[in-house]
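Shown next: protein.tsv, containing TSV, C-alpha atoms and all ligand atoms.
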chain	number	residue	atom	x	y	z
A	156	MET	CA	0.00	0.00	0.00
A	157	ILE	CA	1.31	3.45	-0.92
A	158	PRO	CA	-0.74	6.17	0.77
A	159	PHE	CA	-1.18	9.58	-0.80
A	160	ASN	CA	0.20	11.35	2.27
A	161	LYS	CA	1.71	10.38	5.59
A	162	PRO	CA	1.78	12.96	8.39
A	163	LEU	CA	5.37	13.91	9.14
A	164	ILE	CA	6.92	13.05	12.49
A	165	LEU	CA	10.68	13.51	12.66
A	166	GLY	CA	11.53	12.59	16.24
A	167	LYS	CA	11.74	15.61	18.54
A	168	GLU	CA	8.02	16.43	18.44
A	169	LEU	CA	7.14	14.40	21.57
A	170	GLU	CA	10.08	15.75	23.54
A	171	TYR	CA	9.06	19.34	22.76
A	172	ILE	CA	5.41	18.63	23.58
A	173	ARG	CA	6.56	17.20	26.92
A	174	GLN	CA	8.57	20.38	27.53
A	175	ALA	CA	5.56	22.58	26.73
A	176	ILE	CA	3.50	20.60	29.23
A	177	THR	CA	6.20	20.65	31.92
A	178	ALA	CA	6.58	24.40	31.48
A	179	ASN	CA	2.97	24.68	32.60
A	180	HIS	CA	1.98	26.66	29.55
A	181	ILE	CA	-0.24	24.78	27.14
A	182	SER	CA	-2.52	27.66	26.09
A	183	GLY	CA	-1.54	30.14	23.37
A	184	ASP	CA	1.61	32.26	23.06
A	185	GLY	CA	3.94	30.17	25.19
A	186	ALA	CA	7.63	29.64	24.55
A	187	TYR	CA	7.13	27.40	21.49
A	188	THR	CA	4.70	29.76	19.77
A	189	LYS	CA	7.22	32.58	20.26
A	190	ALA	CA	10.04	30.39	18.97
A	191	CYS	CA	8.00	29.54	15.84
A	192	ASN	CA	7.05	33.20	15.25
A	193	ASP	CA	10.70	34.26	15.52
A	194	TRP	CA	11.89	31.42	13.28
A	195	LEU	CA	9.30	32.36	10.66
A	196	VAL	CA	10.29	36.06	10.72
A	197	ASP	CA	13.91	35.06	10.30
A	198	GLN	CA	13.11	32.70	7.43
A	199	THR	CA	10.66	34.87	5.51
A	200	LYS	CA	11.85	38.41	6.41
A	201	ALA	CA	8.21	39.40	7.02
A	202	THR	CA	7.73	42.34	9.40
A	203	LYS	CA	5.80	40.14	11.81
A	204	VAL	CA	4.54	36.55	11.85
A	205	LEU	CA	1.87	35.18	14.20
A	206	LEU	CA	0.97	31.51	14.46
A	207	THR	CA	-2.74	30.87	14.04
A	208	THR	CA	-5.11	27.97	14.55
A	209	SER	CA	-5.22	27.38	10.75
A	210	CYS	CA	-4.54	28.99	7.39
A	211	THR	CA	-8.31	29.43	7.12
A	212	HIS	CA	-8.14	31.57	10.27
A	213	ALA	CA	-5.07	33.46	9.02
A	214	LEU	CA	-7.11	34.35	5.90
A	215	GLU	CA	-10.04	35.42	8.12
A	216	MET	CA	-7.68	37.67	10.08
A	217	ALA	CA	-6.43	39.12	6.79
A	218	ALA	CA	-10.01	39.91	5.70
A	219	ILE	CA	-10.66	41.69	9.01
A	220	LEU	CA	-7.34	43.57	8.86
A	221	CYS	CA	-8.20	44.77	5.34
A	222	LYS	CA	-11.52	46.12	6.70
A	223	ILE	CA	-13.61	44.28	4.13
A	224	LYS	CA	-17.23	45.49	4.14
A	225	PRO	CA	-20.40	43.99	2.63
A	226	GLY	CA	-20.38	44.50	-1.14
A	227	ASP	CA	-16.60	44.85	-1.48
A	228	GLU	CA	-15.10	42.69	-4.22
A	229	VAL	CA	-12.16	40.32	-3.88
A	230	ILE	CA	-10.39	38.87	-6.92
A	231	MET	CA	-9.03	35.30	-6.79
A	232	PRO	CA	-8.79	32.12	-8.86
A	233	SER	CA	-11.68	29.65	-8.83
A	234	PHE	CA	-9.16	26.79	-8.78
A	235	THR	CA	-8.42	26.92	-5.04
A	236	TYR	CA	-9.53	25.62	-1.67
A	237	VAL	CA	-12.82	26.91	-0.20
A	238	SER	CA	-11.08	28.83	2.61
A	239	THR	CA	-9.54	31.32	0.18
A	240	ALA	CA	-13.05	32.55	-0.64
A	241	ASN	CA	-14.87	31.83	2.63
A	242	ALA	CA	-12.61	34.09	4.70
A	243	PHE	CA	-13.73	37.12	2.69
A	244	VAL	CA	-17.35	35.98	2.25
A	245	LEU	CA	-17.65	35.90	6.06
A	246	GLN	CA	-17.02	39.68	6.01
A	247	GLY	CA	-19.69	40.18	3.32
A	248	ALA	CA	-17.43	40.30	0.27
A	249	LYS	CA	-18.44	39.32	-3.25
A	250	ILE	CA	-15.89	37.00	-4.85
A	251	VAL	CA	-14.77	37.68	-8.43
A	252	PHE	CA	-13.10	34.62	-9.94
A	253	VAL	CA	-10.65	34.87	-12.83
A	254	ASP	CA	-9.29	32.09	-15.00
A	255	ILE	CA	-5.99	30.29	-14.40
A	256	ARG	CA	-2.92	29.78	-16.59
A	257	PRO	CA	-2.76	26.16	-17.70
A	258	ASP	CA	1.03	25.91	-17.22
A	259	THR	CA	1.17	26.73	-13.49
A	260	MET	CA	-2.53	26.43	-12.55
A	261	ASN	CA	-2.16	29.89	-10.94
A	262	MET	CA	-4.44	32.87	-11.50
A	263	ASP	CA	-3.68	34.42	-14.91
A	264	GLU	CA	-2.07	37.77	-14.07
A	265	ASN	CA	-3.13	39.15	-17.45
A	266	LEU	CA	-6.84	38.73	-16.64
A	267	ILE	CA	-6.87	40.60	-13.33
A	268	GLU	CA	-7.19	44.17	-14.60
A	269	ALA	CA	-10.35	43.37	-16.58
A	270	ALA	CA	-11.98	42.07	-13.36
A	271	ILE	CA	-11.40	45.27	-11.38
A	272	THR	CA	-14.42	47.51	-10.62
A	273	GLU	CA	-14.80	50.47	-8.26
A	274	LYS	CA	-15.81	47.95	-5.57
A	275	THR	CA	-12.60	45.89	-5.80
A	276	LYS	CA	-10.54	45.93	-2.59
A	277	ILE	CA	-8.19	42.96	-2.63
A	278	ILE	CA	-6.37	40.59	-4.97
A	279	VAL	CA	-5.70	37.11	-3.57
A	280	PRO	CA	-3.04	35.18	-5.48
A	281	VAL	CA	-2.87	31.49	-4.56
A	282	HIS	CA	0.56	29.94	-5.09
A	283	TYR	CA	-0.55	26.53	-6.32
A	284	ALA	CA	1.84	23.67	-5.48
A	285	GLY	CA	4.30	26.15	-3.94
A	286	ILE	CA	4.99	27.60	-7.40
A	287	SER	CA	4.63	31.36	-7.25
A	288	CYS	CA	2.16	33.52	-9.15
A	289	ASP	CA	3.64	36.38	-11.19
A	290	MET	CA	4.05	38.61	-8.15
A	291	ASP	CA	5.78	41.52	-9.92
A	292	LYS	CA	2.80	41.95	-12.19
A	293	ILE	CA	0.23	41.42	-9.41
A	294	MET	CA	1.95	43.90	-7.06
A	295	ALA	CA	2.11	46.46	-9.88
A	296	ILE	CA	-1.65	46.10	-10.51
A	297	GLY	CA	-2.27	46.40	-6.75
A	298	ALA	CA	-0.25	49.63	-6.62
A	299	LYS	CA	-1.86	51.09	-9.75
A	300	TYR	CA	-5.45	50.57	-8.48
A	301	HIS	CA	-4.73	50.99	-4.73
A	302	LEU	CA	-5.71	47.41	-3.93
A	303	LEU	CA	-4.33	45.27	-1.14
A	304	VAL	CA	-2.68	41.95	-1.99
A	305	VAL	CA	-3.21	38.97	0.33
A	306	GLU	CA	-1.17	35.89	-0.62
A	307	ASP	CA	-2.72	32.50	0.02
A	308	ALA	CA	0.63	30.78	0.55
A	309	ALA	CA	-0.93	27.69	2.17
A	310	HIS	CA	1.31	25.56	-0.11
A	311	GLY	CA	4.16	28.02	-0.10
A	312	MET	CA	6.32	27.63	3.03
A	313	MET	CA	10.04	27.65	1.99
A	314	ALA	CA	9.20	28.43	-1.65
A	315	LYS	CA	10.48	31.61	-3.29
A	316	TYR	CA	9.83	34.16	-6.00
A	317	LYS	CA	12.94	36.04	-7.18
A	318	GLY	CA	14.59	35.06	-3.89
A	319	LYS	CA	11.73	36.34	-1.72
A	320	ALA	CA	9.73	34.00	0.53
A	321	LEU	CA	6.16	33.41	-0.64
A	322	GLY	CA	3.80	35.11	1.79
A	323	SER	CA	6.24	37.98	2.37
A	324	ILE	CA	5.61	39.82	-0.91
A	325	GLY	CA	1.98	40.99	-0.64
A	326	ASP	CA	0.57	43.19	2.14
A	327	LEU	CA	-0.35	40.04	4.06
A	328	GLY	CA	0.39	36.34	3.56
A	329	CYS	CA	-1.03	33.12	4.98
A	330	PHE	CA	0.65	29.75	5.62
A	331	SER	CA	-0.97	26.41	6.46
A	332	PHE	CA	0.52	23.90	8.88
A	333	HIS	CA	-2.27	21.39	8.38
A	334	GLU	CA	-1.19	17.74	8.42
A	335	SER	CA	-1.44	17.63	4.60
A	336	LYS	CA	1.12	20.42	4.10
A	337	ASN	CA	4.95	20.27	4.14
A	338	TYR	CA	5.31	21.36	7.78
A	339	SER	CA	2.66	20.48	10.27
A	340	MET	CA	1.24	21.07	13.73
A	341	GLY	CA	-1.87	18.96	13.12
A	342	GLU	CA	-4.11	21.94	12.51
A	343	GLY	CA	-2.49	25.35	12.31
A	344	GLY	CA	-1.20	28.19	10.22
A	345	ALA	CA	0.42	31.61	10.34
A	346	ILE	CA	-0.26	35.13	9.18
A	347	LEU	CA	2.64	37.07	7.70
A	348	ILE	CA	2.34	40.81	8.14
A	349	ASN	CA	4.45	42.87	5.79
A	350	HIS	CA	3.47	46.38	6.96
A	351	LYS	CA	3.96	47.98	10.36
A	352	LYS	CA	0.47	49.51	10.12
A	353	PHE	CA	-1.19	46.08	10.50
A	354	CYS	CA	0.96	44.73	13.35
A	355	HIS	CA	-0.80	46.07	16.44
A	356	ARG	CA	-4.33	45.42	15.18
A	357	ALA	CA	-3.37	41.86	14.16
A	358	GLU	CA	-2.44	41.07	17.77
A	359	ILE	CA	-5.78	42.45	18.97
A	360	ILE	CA	-7.89	40.54	16.41
A	361	ARG	CA	-6.05	37.31	17.29
A	362	GLU	CA	-6.68	37.88	21.04
A	363	LYS	CA	-10.50	38.02	20.89
A	364	GLY	CA	-10.49	41.76	20.14
A	365	THR	CA	-8.65	42.65	23.36
A	366	ASN	CA	-5.39	44.49	24.01
A	367	ARG	CA	-4.18	41.58	26.18
A	368	ASN	CA	-0.83	41.65	24.40
A	369	ASP	CA	-0.15	45.22	25.56
A	370	PHE	CA	-1.00	44.03	29.07
A	371	LEU	CA	1.42	41.08	28.83
A	372	CYS	CA	4.14	43.51	27.61
A	373	LYS	CA	3.29	45.68	30.66
A	374	LYS	CA	2.32	48.63	28.45
A	375	ILE	CA	-1.05	48.85	30.28
A	376	ASP	CA	-2.16	47.59	33.73
A	377	LYS	CA	-5.38	45.85	32.68
A	378	TYR	CA	-6.71	44.70	29.37
A	379	THR	CA	-10.04	45.33	27.75
A	380	TRP	CA	-12.21	44.81	24.66
A	381	VAL	CA	-11.08	47.28	21.98
A	382	ASP	CA	-11.98	45.83	18.55
A	383	VAL	CA	-13.58	42.86	16.80
A	384	GLY	CA	-11.65	39.63	17.01
A	385	SER	CA	-11.73	35.93	17.67
A	386	SER	CA	-9.65	33.15	19.18
A	387	TYR	CA	-6.94	32.59	16.59
A	388	SER	CA	-3.99	31.65	18.74
A	389	PRO	CA	-3.05	27.93	18.80
A	390	SER	CA	-2.13	25.87	21.85
A	391	ASP	CA	1.59	25.80	22.67
A	392	ILE	CA	1.37	21.99	22.44
A	393	ASN	CA	0.72	22.30	18.71
A	394	ALA	CA	3.44	24.93	18.36
A	395	ALA	CA	5.90	22.53	20.04
A	396	TYR	CA	5.12	19.92	17.39
A	397	LEU	CA	5.70	22.47	14.62
A	398	PHE	CA	8.94	23.79	16.07
A	399	ALA	CA	10.54	20.34	15.85
A	400	GLN	CA	9.85	20.47	12.09
A	401	LEU	CA	10.94	24.08	11.55
A	402	GLU	CA	14.34	23.22	13.02
A	403	GLU	CA	14.69	20.63	10.22
A	404	ALA	CA	13.05	22.75	7.52
A	405	GLN	CA	16.00	22.66	5.09
A	406	LYS	CA	16.24	18.89	5.31
A	407	ILE	CA	12.50	18.47	4.74
A	408	ASN	CA	12.53	20.94	1.85
A	409	HIS	CA	15.45	19.20	0.11
A	410	ARG	CA	13.91	15.77	0.46
A	411	ARG	CA	10.61	16.91	-1.02
A	412	GLN	CA	12.32	18.78	-3.87
A	413	ASP	CA	14.35	15.65	-4.56
A	414	LEU	CA	11.27	13.40	-4.73
A	415	TRP	CA	9.57	15.96	-6.98
A	416	ARG	CA	12.61	15.99	-9.32
A	417	GLN	CA	12.68	12.18	-9.46
A	418	TYR	CA	9.03	12.04	-10.51
A	419	TYR	CA	9.69	14.74	-13.09
A	420	ASP	CA	12.73	13.09	-14.64
A	421	LEU	CA	11.24	9.58	-14.65
A	422	LEU	CA	7.96	10.72	-16.23
A	423	LYS	CA	9.54	13.08	-18.78
A	424	PRO	CA	9.54	10.46	-21.60
A	425	LEU	CA	5.74	10.10	-21.26
A	426	ALA	CA	5.39	13.87	-21.44
A	427	ASP	CA	7.62	13.98	-24.52
A	428	LYS	CA	5.22	11.51	-26.16
A	429	LYS	CA	2.33	13.83	-25.19
A	430	ILE	CA	0.64	11.10	-23.14
A	431	ILE	CA	0.78	13.24	-19.99
A	432	GLU	CA	1.71	16.81	-19.11
A	433	LEU	CA	4.11	17.79	-16.33
A	434	PRO	CA	4.13	20.88	-14.10
A	435	HIS	CA	5.93	24.01	-15.28
A	436	VAL	CA	8.15	26.02	-12.92
A	437	PRO	CA	8.86	29.54	-14.23
A	438	ASP	CA	12.53	30.64	-14.02
A	439	GLU	CA	11.94	33.16	-11.24
A	440	CYS	CA	10.31	30.54	-8.97
A	441	GLU	CA	11.93	28.17	-6.52
A	442	HIS	CA	9.33	25.60	-5.48
A	443	ASN	CA	9.21	23.49	-2.33
A	444	GLY	CA	8.06	20.10	-3.62
A	445	HIS	CA	4.67	20.59	-1.98
A	446	LEU	CA	2.84	18.44	-4.47
A	447	PHE	CA	3.51	16.61	-7.71
A	448	TYR	CA	0.82	16.40	-10.34
A	449	ILE	CA	0.48	15.08	-13.85
A	450	LYS	CA	-2.25	15.97	-16.33
A	451	LEU	CA	-4.01	13.33	-18.38
A	452	ARG	CA	-5.84	14.03	-21.62
A	453	ASP	CA	-9.25	14.35	-19.99
A	454	MET	CA	-11.35	13.45	-16.96
A	455	ASN	CA	-12.07	9.97	-18.28
A	456	GLU	CA	-8.40	9.06	-18.54
A	457	ARG	CA	-7.65	10.67	-15.20
A	458	ASN	CA	-10.31	8.58	-13.48
A	459	GLN	CA	-9.13	5.44	-15.30
A	460	LEU	CA	-5.60	5.96	-13.99
A	461	ILE	CA	-6.81	6.57	-10.42
A	462	HIS	CA	-8.66	3.26	-10.65
A	463	TYR	CA	-5.65	1.47	-12.18
A	464	LEU	CA	-3.27	2.69	-9.46
A	465	LYS	CA	-5.79	1.79	-6.77
A	466	GLN	CA	-5.69	-1.88	-7.86
A	467	TYR	CA	-2.03	-1.87	-6.79
A	468	GLY	CA	-2.72	-0.12	-3.50
A	469	ILE	CA	-1.50	3.26	-4.74
A	470	SER	CA	-3.58	6.19	-3.64
A	471	SER	CA	-3.72	9.18	-6.00
A	472	VAL	CA	-6.12	12.09	-5.68
A	473	PHE	CA	-7.38	15.21	-7.42
A	474	HIS	CA	-8.68	18.62	-6.41
A	475	TYR	CA	-10.21	21.23	-6.60
A	476	ILE	CA	-13.83	21.34	-7.77
A	477	PRO	CA	-13.75	24.92	-9.15
A	478	LEU	CA	-15.37	27.22	-6.62
A	479	HIS	CA	-17.48	29.07	-9.18
A	480	SER	CA	-19.35	25.88	-10.08
A	481	SER	CA	-20.16	24.94	-6.48
A	482	PRO	CA	-23.42	25.99	-4.76
A	483	ALA	CA	-21.77	28.58	-2.49
A	484	GLY	CA	-19.76	29.85	-5.43
A	485	PHE	CA	-22.99	30.72	-7.27
A	486	GLU	CA	-24.29	32.51	-4.22
A	487	PHE	CA	-21.21	34.47	-3.21
A	488	GLY	CA	-19.25	34.91	-6.40
A	489	ARG	CA	-19.14	35.41	-10.13
A	490	PHE	CA	-16.67	34.33	-12.79
A	491	ASN	CA	-15.26	37.25	-14.74
A	492	GLY	CA	-14.53	36.54	-18.38
A	493	GLU	CA	-14.34	33.14	-20.00
A	494	ASP	CA	-13.63	29.86	-18.17
A	495	ARG	CA	-11.08	28.62	-20.70
A	496	TYR	CA	-8.89	26.57	-18.39
A	497	THR	CA	-10.23	26.41	-14.81
A	498	THR	CA	-12.80	23.66	-15.37
A	499	SER	CA	-11.05	21.76	-18.16
A	500	GLU	CA	-7.62	21.69	-16.48
A	501	SER	CA	-9.05	20.77	-13.07
A	502	GLU	CA	-10.62	17.71	-14.71
A	503	ARG	CA	-7.26	16.48	-16.03
A	504	ILE	CA	-5.12	16.89	-12.95
A	505	LEU	CA	-3.90	13.99	-10.82
A	506	ARG	CA	-1.74	14.29	-7.70
A	507	LEU	CA	0.73	11.49	-6.96
A	508	PRO	CA	1.89	10.33	-3.51
A	509	LEU	CA	4.52	12.75	-2.18
A	510	PHE	CA	5.56	12.93	1.46
A	511	TYR	CA	8.82	13.12	3.37
A	512	ASP	CA	8.97	9.39	4.18
A	513	LEU	CA	8.11	8.20	0.65
A	514	SER	CA	10.88	5.77	-0.32
A	515	GLU	CA	12.65	5.59	-3.68
A	516	GLU	CA	11.18	2.09	-4.16
A	517	GLU	CA	7.66	3.36	-3.57
A	518	LEU	CA	8.20	6.24	-5.97
A	519	MET	CA	9.53	3.81	-8.59
A	520	THR	CA	6.46	1.60	-8.13
A	521	VAL	CA	4.15	4.55	-8.77
A	522	VAL	CA	6.10	5.50	-11.90
A	523	GLU	CA	6.18	1.91	-13.20
A	524	LYS	CA	2.42	1.56	-12.79
A	525	ILE	CA	1.85	4.78	-14.72
A	526	TYR	CA	4.01	3.42	-17.57
A	527	GLU	CA	2.13	0.11	-17.42
A	528	TYR	CA	-1.17	1.97	-17.62
A	529	SER	CA	0.00	3.94	-20.63
A	530	VAL	CA	1.06	0.77	-22.48
A	531	LYS	CA	-2.25	-0.97	-21.66
A	532	TYR	CA	-4.47	1.92	-22.68
A	533	HIS	CA	-2.38	3.64	-25.35
A	534	GLY	CA	-0.11	0.89	-26.57
A	535	ASN	CA	2.95	3.05	-25.89
A	601	LIG	C1	-4.87	23.84	2.87
A	601	LIG	C2	-5.29	25.12	2.24
A	601	LIG	C3	-5.95	26.13	2.95
A	601	LIG	C4	-6.48	25.95	4.33
A	601	LIG	O1	-5.52	25.60	5.26
A	601	LIG	P1	-5.96	25.12	6.73
A	601	LIG	O2	-4.70	25.31	7.52
A	601	LIG	O3	-6.38	23.70	6.63
A	601	LIG	O4	-7.04	26.02	7.18
A	601	LIG	C5	-6.22	27.34	2.31
A	601	LIG	N1	-5.85	27.55	1.03
A	601	LIG	C6	-5.24	26.58	0.30
A	601	LIG	C7	-4.85	26.87	-1.11
A	601	LIG	C8	-4.96	25.33	0.89
A	601	LIG	O5	-4.39	24.37	0.15
Kindly present the structure from the file in structure tokens form.
Amino acid sequence: MIPFNKPLILGKELEYIRQAITANHISGDGAYTKACNDWLVDQTKATKVLLTTSCTHALEMAAILCKIKPGDEVIMPSFTYVSTANAFVLQGAKIVFVDIRPDTMNMDENLIEAAITEKTKIIVPVHYAGISCDMDKIMAIGAKYHLLVVEDAAHGMMAKYKGKALGSIGDLGCFSFHESKNYSMGEGGAILINHKKFCHRAEIIREKGTNRNDFLCKKIDKYTWVDVGSSYSPSDINAAYLFAQLEEAQKINHRRQDLWRQYYDLLKPLADKKIIELPHVPDECEHNGHLFYIKLRDMNERNQLIHYLKQYGISSVFHYIPLHSSPAGFEFGRFNGEDRYTTSESERILRLPLFYDLSEEELMTVVEKIYEYSVKYHGN
């Protein structure tokens, strides 16, 4: 059996969790949360980073920080996870979906301007598979129309665009540390704040709308309710788990990039014969091996291959059902322009098993079965 994903546990997680418990601080913002925040600032060069209970919640914090009001419009791809849209819908926003580029599956930067109206407030690039959107172009559009840019960098930890960490380029960025992502704390995430003007309010929103942080820093002698907010700070037990992985981030990143490269090189002959398509990484992007996908000719073939691999105990999966064709997408959003690629490309995509502990033998088995499938069904 080759699972699609195996949650990562390196070794020190239990020791650090024990330390968090022995330190008598298992609620939020203990020593491990602070250590993770500091590590993430150091790694990404963001102005401030705060761990959150999920990437979904980091996106919700971003929507609140951007002061989204009912009727405001937010531009994003339809090929993304529901949380990208939901976070802004919760504040009353209307979602405007634009088409993706077929080569990277990222929002097509050349279609954004046409989607802007006087109600547009934010652009949300999603860095699919840890491969960056065209951030120079997106930041230039943001500046020209006075729009904020919130990066959904759920896949993007340790990936770069022109040497800059994903999540640190827009006004705000969001990471996910869900079990399915490269670095994990079970459920968790982080918000990257790239402007001083958002820093203080972010702490308040994360602490149930109180200025408790000023109290803990002894700036005030009692704390009180000052703004809207919620409970977005994770337990230090979860942060302890994450910290064990951050300490080994380079090692994890290299292993995943290596597995990604092996898939790519081994499957290249099939791509050369136009039986499958492989992911494209633009020159200015350094990816993090978050996920490896191939594209089949159509949905039928994709589903056939899933079934074929399953017979040999290999689990392969696909995502996303485009948001604009889901019931909530109809209610809360609209697709601007033509859906040339979002639906058709999402029907062809297939994700292969990729996780830190995947062995070379397992990877070879997956590749062999894909070749076998192609001989059986295509005779080559
Ligand atoms: C995983 C994911 C999220 C949500 O992350 P959670 O930490 O599970 O809330 C948001 N956006 C994208 C693109 C994701 O893949």
Tell me which of A:Pro232, A:Pro508, A:Gly328, A:Pro225 sits closest to Gly247 of chain A, counting all atoms listed in the file.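 Among the listed residues, A:Pro225 lies closest to Gly247 of chain A.
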Can you list, as a list of chain:residue names, every protein, DNA or RNA residue that comes within 10 Å of Cys354 of chain A when you count all atoms listed in the file, leaving out same-chain residues fewer than 4 positions away?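 So, after excluding close chain neighbours, the residues are A:Thr202, A:Lys203, A:Val204, A:Leu205, A:Leu220, A:Leu347, A:Ile348, A:Asn349, A:His350, A:Glu358, A:Ile359.
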Dump the neighbourhood of ligand LIG 601 (chain A) as a compact mmCIF listing (two decimals) with C-alpha atoms, in the coordinates of the input: all residues within 10 Å, distances computed on all atoms listed in the file.
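Written out: pocket14.txt:
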# COMPACT_ATOMS: atom_id res chain seq x y z
CA THR A 207 -2.74 30.87 14.04
CA THR A 208 -5.11 27.97 14.55
CA SER A 209 -5.22 27.38 10.75
CA CYS A 210 -4.54 28.99 7.39
CA THR A 211 -8.31 29.43 7.12
CA HIS A 212 -8.14 31.57 10.27
CA ALA A 213 -5.07 33.46 9.02
CA LEU A 214 -7.11 34.35 5.90
CA GLU A 215 -10.04 35.42 8.12
CA PHE A 234 -9.16 26.79 -8.78
CA THR A 235 -8.42 26.92 -5.04
CA TYR A 236 -9.53 25.62 -1.67
CA VAL A 237 -12.82 26.91 -0.20
CA SER A 238 -11.08 28.83 2.61
CA THR A 239 -9.54 31.32 0.18
CA ALA A 240 -13.05 32.55 -0.64
CA ASN A 241 -14.87 31.83 2.63
CA ALA A 242 -12.61 34.09 4.70
CA PRO A 280 -3.04 35.18 -5.48
CA VAL A 281 -2.87 31.49 -4.56
CA HIS A 282 0.56 29.94 -5.09
CA TYR A 283 -0.55 26.53 -6.32
CA ALA A 284 1.84 23.67 -5.48
CA GLY A 285 4.30 26.15 -3.94
CA GLU A 306 -1.17 35.89 -0.62
CA ASP A 307 -2.72 32.50 0.02
CA ALA A 308 0.63 30.78 0.55
CA ALA A 309 -0.93 27.69 2.17
CA HIS A 310 1.31 25.56 -0.11
CA GLY A 311 4.16 28.02 -0.10
CA CYS A 329 -1.03 33.12 4.98
CA PHE A 330 0.65 29.75 5.62
CA SER A 331 -0.97 26.41 6.46
CA PHE A 332 0.52 23.90 8.88
CA HIS A 333 -2.27 21.39 8.38
CA GLU A 334 -1.19 17.74 8.42
CA SER A 335 -1.44 17.63 4.60
CA LYS A 336 1.12 20.42 4.10
CA SER A 339 2.66 20.48 10.27
CA MET A 340 1.24 21.07 13.73
CA GLY A 341 -1.87 18.96 13.12
CA GLU A 342 -4.11 21.94 12.51
CA GLY A 343 -2.49 25.35 12.31
CA GLY A 344 -1.20 28.19 10.22
CA ALA A 345 0.42 31.61 10.34
CA HIS A 474 -8.68 18.62 -6.41
CA TYR A 475 -10.21 21.23 -6.60
Closest of A:Gln174, A:Asn337, A:Gln405, A:Asn458 to Phe510 of chain A - atom-to-atom distances counting all atoms listed in the file: A:Asn337
Please, what distance in Å, to one decimal, runs between atom CA of Phe370 of chain A and atom CA of Asp184 of chain A?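 Calculated distance between atom CA of Phe370 of chain A and atom CA of Asp184 of chain A is 13.5 Å.
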Test item: residues at most 10 Å from Leu302 of chain A, only C-alpha atoms, excluding those fewer than 4 positions along its chain, as JSON, numbers by chain: {"A": [221, 229, 271, 275, 276, 277, 278, 294, 295, 296, 297, 298, 326]}
For each of A:Asp291, A:Asp263, A:Asp227, A:Asp382, take the minimum atom-to-atom distance to Glu362 of chain A, counting all atoms listed in the file, then give the residue where this is smallest.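 The shortest atom-to-atom distance to Glu362 of chain A comes from A:Asp382.
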Within 12 Å of (12.8, 10.8, -8.3), in the coordinates the file gives, what residues turn up when you count only C-alpha atoms, written out as JSON, numbers by chain? {"A": [410, 411, 412, 413, 414, 415, 416, 417, 418, 419, 420, 421, 422, 423, 444, 447, 508, 509, 513, 514, 515, 516, 517, 518, 519, 520, 521, 522]}
Of the candidates A:Thr379, A:Thr188, A:Asn160, A:Ser501, which shows the shortest atom-to-atom distance to Ser470 of chain A, using only C-alpha atoms?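 Distance minimum relative to Ser470 of chain A lands on A:Asn160.
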To one decimal in Å, tell me the separation between atom CA of Lys374 of chain A and atom CA of Asp193 of chain A. 21.1 Å
Starting from the point (-14.1, 39.9, 17.9), work out which residues of protein, DNA or RNA have an atom no more than 8 Å away when counting all atoms listed in the file; state them as a PyMOL selection string. chain A and resi 360+363-364+382-385
Calculate how many Å separate atom CA of Thr259 of chain A from atom CA of Met312 of chain A, rounding to one decimal. 17.3 Å
Identify which of the residues A:Leu507, A:Leu303, A:Ala190, A:Val279 lies closest to Ile525 of chain A, counting all atoms listed in the file when measuring atom-to-atom distances. A:Leu507
